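Chemist: I am attaching a structure below and will ask some questions about it afterwards.
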Amino acid sequence: MKIETAEQGAPGRVTEDRIRVLPNAVVVLDGVTSRTRPPDRNGGWYATQLADELARLINDEDPLTDLLAAAITNLVREHDLVPGDSPSATASIVRWNEHRIDALVLCDTPIVAFGQTTHVLEDTRLEDLRSQPDILAWKNKPGGWWVAEAEPVAGLQARTASWPREEIRKVIALTDGVSCGVSEYGLFSWEDLAELPLGEVLDRIREAERGDSEHKRWPRYKTHDDQAIARLTA
């Protein structure tokens, strides 16, 4: 499996996205800082810890949901994390063997697989609740949206898919700082992201965002987000 990656932080800040390449898997995480946590435990710290734990746990057989739940459990125990008062991370995992490709998505870090057709695995539960006045009240709650934080059950709520390896030629996993180029800005199709140089993709998104610095064309709460994308070619 050939693996390409590209990432950069939002201008003026250190990225909280993480990409971890393993012998049989790729993990892409988007760290989210808690409003009440100290600076040394920000979203990047949590994403690093979760990536390390997933790297230790991932095998070829166990369901990815179980592995993510176990990783969260271990972080809660090791670092005394408190539900609702912890940094967190969205997550996507791509795992492969000779016969199949498995994928997991939790929150807004989609995975797209390309074969004879394009398969989009995404978790839209956060976006579906954007109109709620207190969206944080719905975090990691039944009927709400789920993210890796301090509730291990969140791992079991992730969206998953599997495809025969012989049917898939490429897979991308990307944080919302890149997927917005397709889903919000309309700069690319998913198929474009399977072929374009990854650095060019990131740069074109940044250029579009700079041209909408007042957030009028694309309403959003910040001009730029961290960016991370991994592309796997069979």
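To be explicit about the labels: the chains of the structure tokens are called A, B, and onward in the order shown, and within each one the residues are counted from 1, while ligands get numbers from 1 in the order they are shown.
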Report as JSON lines: every residue of segment 140-186 of chain A with an atom at most 8 Å from segment 221-233 of chain A, its closest pair of atoms, and their distance in Å to one decimal, counting only C-alpha atoms, with rows sorted by chain and ascending residue number.
Modeler:
```
{"residue": "A:Arg169", "atom": "CA", "partner": "A:Thr233", "partner_atom": "CA", "distance": 5.9}
{"residue": "A:Lys170", "atom": "CA", "partner": "A:Thr233", "partner_atom": "CA", "distance": 4.5}
{"residue": "A:Val171", "atom": "CA", "partner": "A:Leu232", "partner_atom": "CA", "distance": 5.1}
{"residue": "A:Ile172", "atom": "CA", "partner": "A:Arg231", "partner_atom": "CA", "distance": 4.4}
{"residue": "A:Ala173", "atom": "CA", "partner": "A:Ala230", "partner_atom": "CA", "distance": 5.3}
{"residue": "A:Leu174", "atom": "CA", "partner": "A:Ile229", "partner_atom": "CA", "distance": 4.2}
{"residue": "A:Thr175", "atom": "CA", "partner": "A:Ala228", "partner_atom": "CA", "distance": 5.6}
{"residue": "A:Asp176", "atom": "CA", "partner": "A:Gln227", "partner_atom": "CA", "distance": 7.4}
{"residue": "A:Gly177", "atom": "CA", "partner": "A:Gln227", "partner_atom": "CA", "distance": 4.7}
{"residue": "A:Val178", "atom": "CA", "partner": "A:Gln227", "partner_atom": "CA", "distance": 5.6}
```
Chemist: Give me the residues within 6 Å of Trp145 of chain A as a PyMOL selection string, counting only C-alpha atoms and dropping any in the same chain fewer than 3 places off.
Modeler: chain A and resi 125-126+139-140
Chemist: Residues of the last selection are to be written out with all heavy atoms, as a PDB file, in the first residue's frame.
Modeler:
```pdb
ATOM      1  N   ARG A 125     -23.652  13.343  12.266  1.00  0.00           N
ATOM      2  CA  ARG A 125     -24.524  13.632  13.414  1.00  0.00           C
ATOM      3  C   ARG A 125     -24.243  15.002  14.035  1.00  0.00           C
ATOM      4  O   ARG A 125     -25.178  15.682  14.480  1.00  0.00           O
ATOM      5  CB  ARG A 125     -24.389  12.516  14.459  1.00  0.00           C
ATOM      6  CG  ARG A 125     -25.059  11.223  14.013  1.00  0.00           C
ATOM      7  CD  ARG A 125     -24.740  10.056  14.921  1.00  0.00           C
ATOM      8  NE  ARG A 125     -23.349   9.639  14.777  1.00  0.00           N
ATOM      9  CZ  ARG A 125     -22.860   8.522  15.319  1.00  0.00           C
ATOM     10  NH1 ARG A 125     -23.645   7.736  16.048  1.00  0.00           N
ATOM     11  NH2 ARG A 125     -21.578   8.198  15.133  1.00  0.00           N
ATOM     12  N   LEU A 126     -22.993  15.434  14.053  1.00  0.00           N
ATOM     13  CA  LEU A 126     -22.695  16.774  14.562  1.00  0.00           C
ATOM     14  C   LEU A 126     -23.315  17.832  13.652  1.00  0.00           C
ATOM     15  O   LEU A 126     -23.971  18.759  14.126  1.00  0.00           O
ATOM     16  CB  LEU A 126     -21.188  16.974  14.658  1.00  0.00           C
ATOM     17  CG  LEU A 126     -20.716  18.382  15.051  1.00  0.00           C
ATOM     18  CD1 LEU A 126     -21.284  18.798  16.397  1.00  0.00           C
ATOM     19  CD2 LEU A 126     -19.193  18.454  15.049  1.00  0.00           C
ATOM     20  N   LYS A 139     -23.340  16.264  23.166  1.00  0.00           N
ATOM     21  CA  LYS A 139     -22.099  15.519  22.920  1.00  0.00           C
ATOM     22  C   LYS A 139     -22.081  14.210  23.688  1.00  0.00           C
ATOM     23  O   LYS A 139     -22.324  14.167  24.895  1.00  0.00           O
ATOM     24  CB  LYS A 139     -20.889  16.371  23.318  1.00  0.00           C
ATOM     25  CG  LYS A 139     -19.555  15.685  23.013  1.00  0.00           C
ATOM     26  CD  LYS A 139     -18.367  16.585  23.301  1.00  0.00           C
ATOM     27  CE  LYS A 139     -18.087  16.674  24.780  1.00  0.00           C
ATOM     28  NZ  LYS A 139     -16.813  17.385  25.059  1.00  0.00           N
ATOM     29  N   ASN A 140     -21.809  13.134  22.965  1.00  0.00           N
ATOM     30  CA  ASN A 140     -21.703  11.785  23.544  1.00  0.00           C
ATOM     31  C   ASN A 140     -22.944  11.419  24.352  1.00  0.00           C
ATOM     32  O   ASN A 140     -22.859  10.878  25.465  1.00  0.00           O
ATOM     33  CB  ASN A 140     -20.431  11.669  24.396  1.00  0.00           C
ATOM     34  CG  ASN A 140     -19.178  11.615  23.539  1.00  0.00           C
ATOM     35  OD1 ASN A 140     -19.248  11.460  22.318  1.00  0.00           O
ATOM     36  ND2 ASN A 140     -18.029  11.737  24.173  1.00  0.00           N
TER      37      ASN A 140
END
```
Chemist: Could you tell me, as a ChimeraX atom specification, which residues of segment 30-163 of chain A DSSP assigns to strand (DSSP E or B) when given the backbone?
Modeler: /A:30-32,88-96,100-106,111-114,118-121,139,145,148,159-163
Chemist: Give me a file of those residues, with C-alpha atoms, as a compact mmCIF listing (two decimals), in the first residue's frame.
Modeler:
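In the end it all went to out36.txt:
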```txt
# COMPACT_ATOMS: atom_id res chain seq x y z
CA ASP A 30 -8.56 16.06 14.67
CA GLY A 31 -7.90 17.20 18.22
CA VAL A 32 -10.35 19.52 19.96
CA SER A 88 -11.28 15.21 22.53
CA ALA A 89 -10.68 14.17 18.94
CA THR A 90 -12.58 13.15 15.86
CA ALA A 91 -11.22 9.95 14.35
CA SER A 92 -10.87 7.99 11.17
CA ILE A 93 -9.08 4.66 10.81
CA VAL A 94 -8.28 2.73 7.64
CA ARG A 95 -7.01 -0.83 8.12
CA TRP A 96 -6.16 -3.40 5.47
CA ARG A 100 -10.28 -6.40 2.72
CA ILE A 101 -10.13 -2.78 3.71
CA ASP A 102 -11.89 -1.73 6.93
CA ALA A 103 -12.81 1.86 7.75
CA LEU A 104 -14.08 3.72 10.82
CA VAL A 105 -15.26 7.31 11.13
CA LEU A 106 -16.22 9.11 14.35
CA ILE A 111 -13.11 8.41 4.62
CA VAL A 112 -13.66 7.99 0.89
CA ALA A 113 -12.85 4.79 -1.02
CA PHE A 114 -12.51 4.74 -4.81
CA THR A 118 -17.01 6.16 -4.95
CA HIS A 119 -17.86 5.14 -1.38
CA VAL A 120 -18.18 7.98 1.14
CA LEU A 121 -18.12 6.99 4.81
CA LYS A 139 -22.10 15.52 22.92
CA TRP A 145 -23.29 13.35 18.33
CA ALA A 148 -13.54 10.41 21.16
CA ARG A 159 -19.64 4.57 11.57
CA THR A 160 -17.88 1.66 9.86
CA ALA A 161 -17.56 0.02 6.45
CA SER A 162 -15.56 -2.76 4.79
CA TRP A 163 -14.73 -3.35 1.14
```
Chemist: Please provide the set of residues having any atom within 8 Å of segment 47-56 of chain A, restricted to only C-alpha atoms, with same-chain residues fewer than 5 positions apart removed, written as an MDAnalysis selection string.
Modeler: chainID A and resid 16:20 22 27 29:31 67:68 71:72 74:75 88:89
Chemist: Please return as a VMD selection string: the residues of segment 128-199 of chain A that backbone DSSP assigns to alpha helix (DSSP H).
Modeler: chain A and resid 128 153 to 156 176 to 183 190 to 195 198 to 199
Chemist: Save out the residues we just selected, N, CA, C and O atoms, as a compact mmCIF listing (two decimals), in the first residue's frame.
Modeler:
```
# COMPACT_ATOMS: atom_id res chain seq x y z
N ASP A 128 -25.79 17.54 11.68
CA ASP A 128 -27.25 17.46 11.73
C ASP A 128 -27.83 18.23 12.91
O ASP A 128 -29.02 18.59 12.90
N VAL A 153 -17.87 4.45 25.35
CA VAL A 153 -18.96 4.01 24.50
C VAL A 153 -18.99 4.78 23.19
O VAL A 153 -19.55 4.30 22.19
N ALA A 154 -18.37 5.96 23.14
CA ALA A 154 -18.33 6.71 21.90
C ALA A 154 -17.68 5.91 20.78
O ALA A 154 -18.09 6.01 19.62
N GLY A 155 -16.65 5.13 21.12
CA GLY A 155 -16.00 4.32 20.11
C GLY A 155 -16.93 3.33 19.45
O GLY A 155 -16.80 3.02 18.25
N LEU A 156 -17.89 2.83 20.23
CA LEU A 156 -18.84 1.86 19.70
C LEU A 156 -19.89 2.50 18.82
O LEU A 156 -20.63 1.81 18.12
N ASP A 176 -11.78 17.79 8.76
CA ASP A 176 -12.75 18.70 8.15
C ASP A 176 -12.11 19.95 7.59
O ASP A 176 -12.72 20.67 6.79
N GLY A 177 -10.85 20.23 7.96
CA GLY A 177 -10.14 21.34 7.36
C GLY A 177 -9.80 21.10 5.90
O GLY A 177 -9.43 22.03 5.19
N VAL A 178 -9.92 19.84 5.45
CA VAL A 178 -9.71 19.49 4.04
C VAL A 178 -11.03 19.11 3.38
O VAL A 178 -11.32 19.54 2.26
N SER A 179 -11.85 18.33 4.07
CA SER A 179 -13.12 17.90 3.47
C SER A 179 -14.02 19.09 3.16
O SER A 179 -14.89 19.00 2.27
N CYS A 180 -13.83 20.22 3.86
CA CYS A 180 -14.62 21.41 3.56
C CYS A 180 -14.42 21.87 2.13
O CYS A 180 -15.31 22.50 1.53
N GLY A 181 -13.27 21.54 1.52
CA GLY A 181 -13.04 21.91 0.14
C GLY A 181 -14.00 21.24 -0.82
O GLY A 181 -14.25 21.74 -1.92
N VAL A 182 -14.56 20.10 -0.39
CA VAL A 182 -15.58 19.39 -1.17
C VAL A 182 -16.97 19.74 -0.67
O VAL A 182 -17.82 20.21 -1.41
N SER A 183 -17.20 19.51 0.63
CA SER A 183 -18.56 19.55 1.17
C SER A 183 -19.10 20.95 1.39
O SER A 183 -20.32 21.16 1.35
N TRP A 190 -14.82 14.60 -4.75
CA TRP A 190 -14.04 13.57 -4.06
C TRP A 190 -13.03 12.94 -5.02
O TRP A 190 -11.89 12.64 -4.63
N GLU A 191 -13.46 12.76 -6.26
CA GLU A 191 -12.58 12.14 -7.25
C GLU A 191 -11.34 13.00 -7.50
O GLU A 191 -10.25 12.47 -7.75
N ASP A 192 -11.48 14.33 -7.43
CA ASP A 192 -10.31 15.20 -7.55
C ASP A 192 -9.29 14.90 -6.46
O ASP A 192 -8.07 14.90 -6.71
N LEU A 193 -9.77 14.68 -5.25
CA LEU A 193 -8.87 14.43 -4.13
C LEU A 193 -8.16 13.09 -4.24
O LEU A 193 -7.14 12.86 -3.58
N ALA A 194 -8.67 12.20 -5.08
CA ALA A 194 -7.97 10.94 -5.33
C ALA A 194 -6.78 11.12 -6.25
O ALA A 194 -5.89 10.27 -6.28
N GLU A 195 -6.73 12.23 -6.99
CA GLU A 195 -5.72 12.38 -8.04
C GLU A 195 -4.80 13.58 -7.85
O GLU A 195 -3.62 13.52 -8.22
N LEU A 198 -1.45 16.39 -3.03
CA LEU A 198 -2.11 16.74 -1.77
C LEU A 198 -1.73 18.13 -1.30
O LEU A 198 -2.56 18.86 -0.75
N GLY A 199 -0.49 18.53 -1.52
CA GLY A 199 -0.10 19.89 -1.14
C GLY A 199 -0.89 20.94 -1.90
O GLY A 199 -1.25 21.98 -1.33
```
Chemist: So, with only C-alpha atoms as the atoms that count, which of A:Ile168, A:Leu202, A:Ala234, A:Val28 lies closest to Ile3 of chain A?
Modeler: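 Distance minimum relative to Ile3 of chain A lands on A:Ala234.
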Chemist: In terms of the shortest atom-to-atom distance over only C-alpha atoms, which of A:Trp218, A:Gln157, A:Tyr185, A:Val147 is closest to Ile205 of chain A?
Modeler: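 Checking each of A:Trp218, A:Gln157, A:Tyr185, A:Val147 against Ile205 of chain A, counting only C-alpha atoms, the winner is A:Tyr185.
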Chemist: Quick one: distance from atom CA of Asp123 of chain A to atom CA of Cys107 of chain A in Å, one decimal?
Modeler: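 Distance between the two atoms: 5.2 Å.
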Chemist: When you look at Asn42 of chain A with a cut-off of 6 Å (counting only C-alpha atoms), what residues show up, excluding the ones that are within fewer than 2 positions of it in the same chain? I need them as a PyMOL selection string.
Modeler: chain A and resi 33+39-40+44-45+87
Chemist: Could those residues be written to a file, using N, CA and C atoms, as a PDB file, in the first residue's frame?
Modeler:
```pdb
ATOM      1  N   THR A  33      -9.644  21.109  21.665  1.00  0.00           N
ATOM      2  CA  THR A  33      -9.276  21.534  23.010  1.00  0.00           C
ATOM      3  C   THR A  33     -10.502  21.838  23.849  1.00  0.00           C
ATOM      4  N   PRO A  39      -3.322  24.294  29.267  1.00  0.00           N
ATOM      5  CA  PRO A  39      -2.712  24.298  27.934  1.00  0.00           C
ATOM      6  C   PRO A  39      -1.945  23.029  27.591  1.00  0.00           C
ATOM      7  N   ASP A  40      -1.380  22.353  28.597  1.00  0.00           N
ATOM      8  CA  ASP A  40      -0.602  21.160  28.294  1.00  0.00           C
ATOM      9  C   ASP A  40      -1.474  19.948  27.990  1.00  0.00           C
ATOM     10  N   GLY A  44      -4.366  18.762  20.692  1.00  0.00           N
ATOM     11  CA  GLY A  44      -3.223  18.089  20.107  1.00  0.00           C
ATOM     12  C   GLY A  44      -2.637  17.036  21.035  1.00  0.00           C
ATOM     13  N   TRP A  45      -2.599  17.363  22.329  1.00  0.00           N
ATOM     14  CA  TRP A  45      -2.127  16.383  23.324  1.00  0.00           C
ATOM     15  C   TRP A  45      -3.014  15.144  23.305  1.00  0.00           C
ATOM     16  N   PRO A  87     -10.215  17.204  26.775  1.00  0.00           N
ATOM     17  CA  PRO A  87      -9.997  17.390  25.344  1.00  0.00           C
ATOM     18  C   PRO A  87     -10.519  16.172  24.596  1.00  0.00           C
TER      19      PRO A  87
END
```
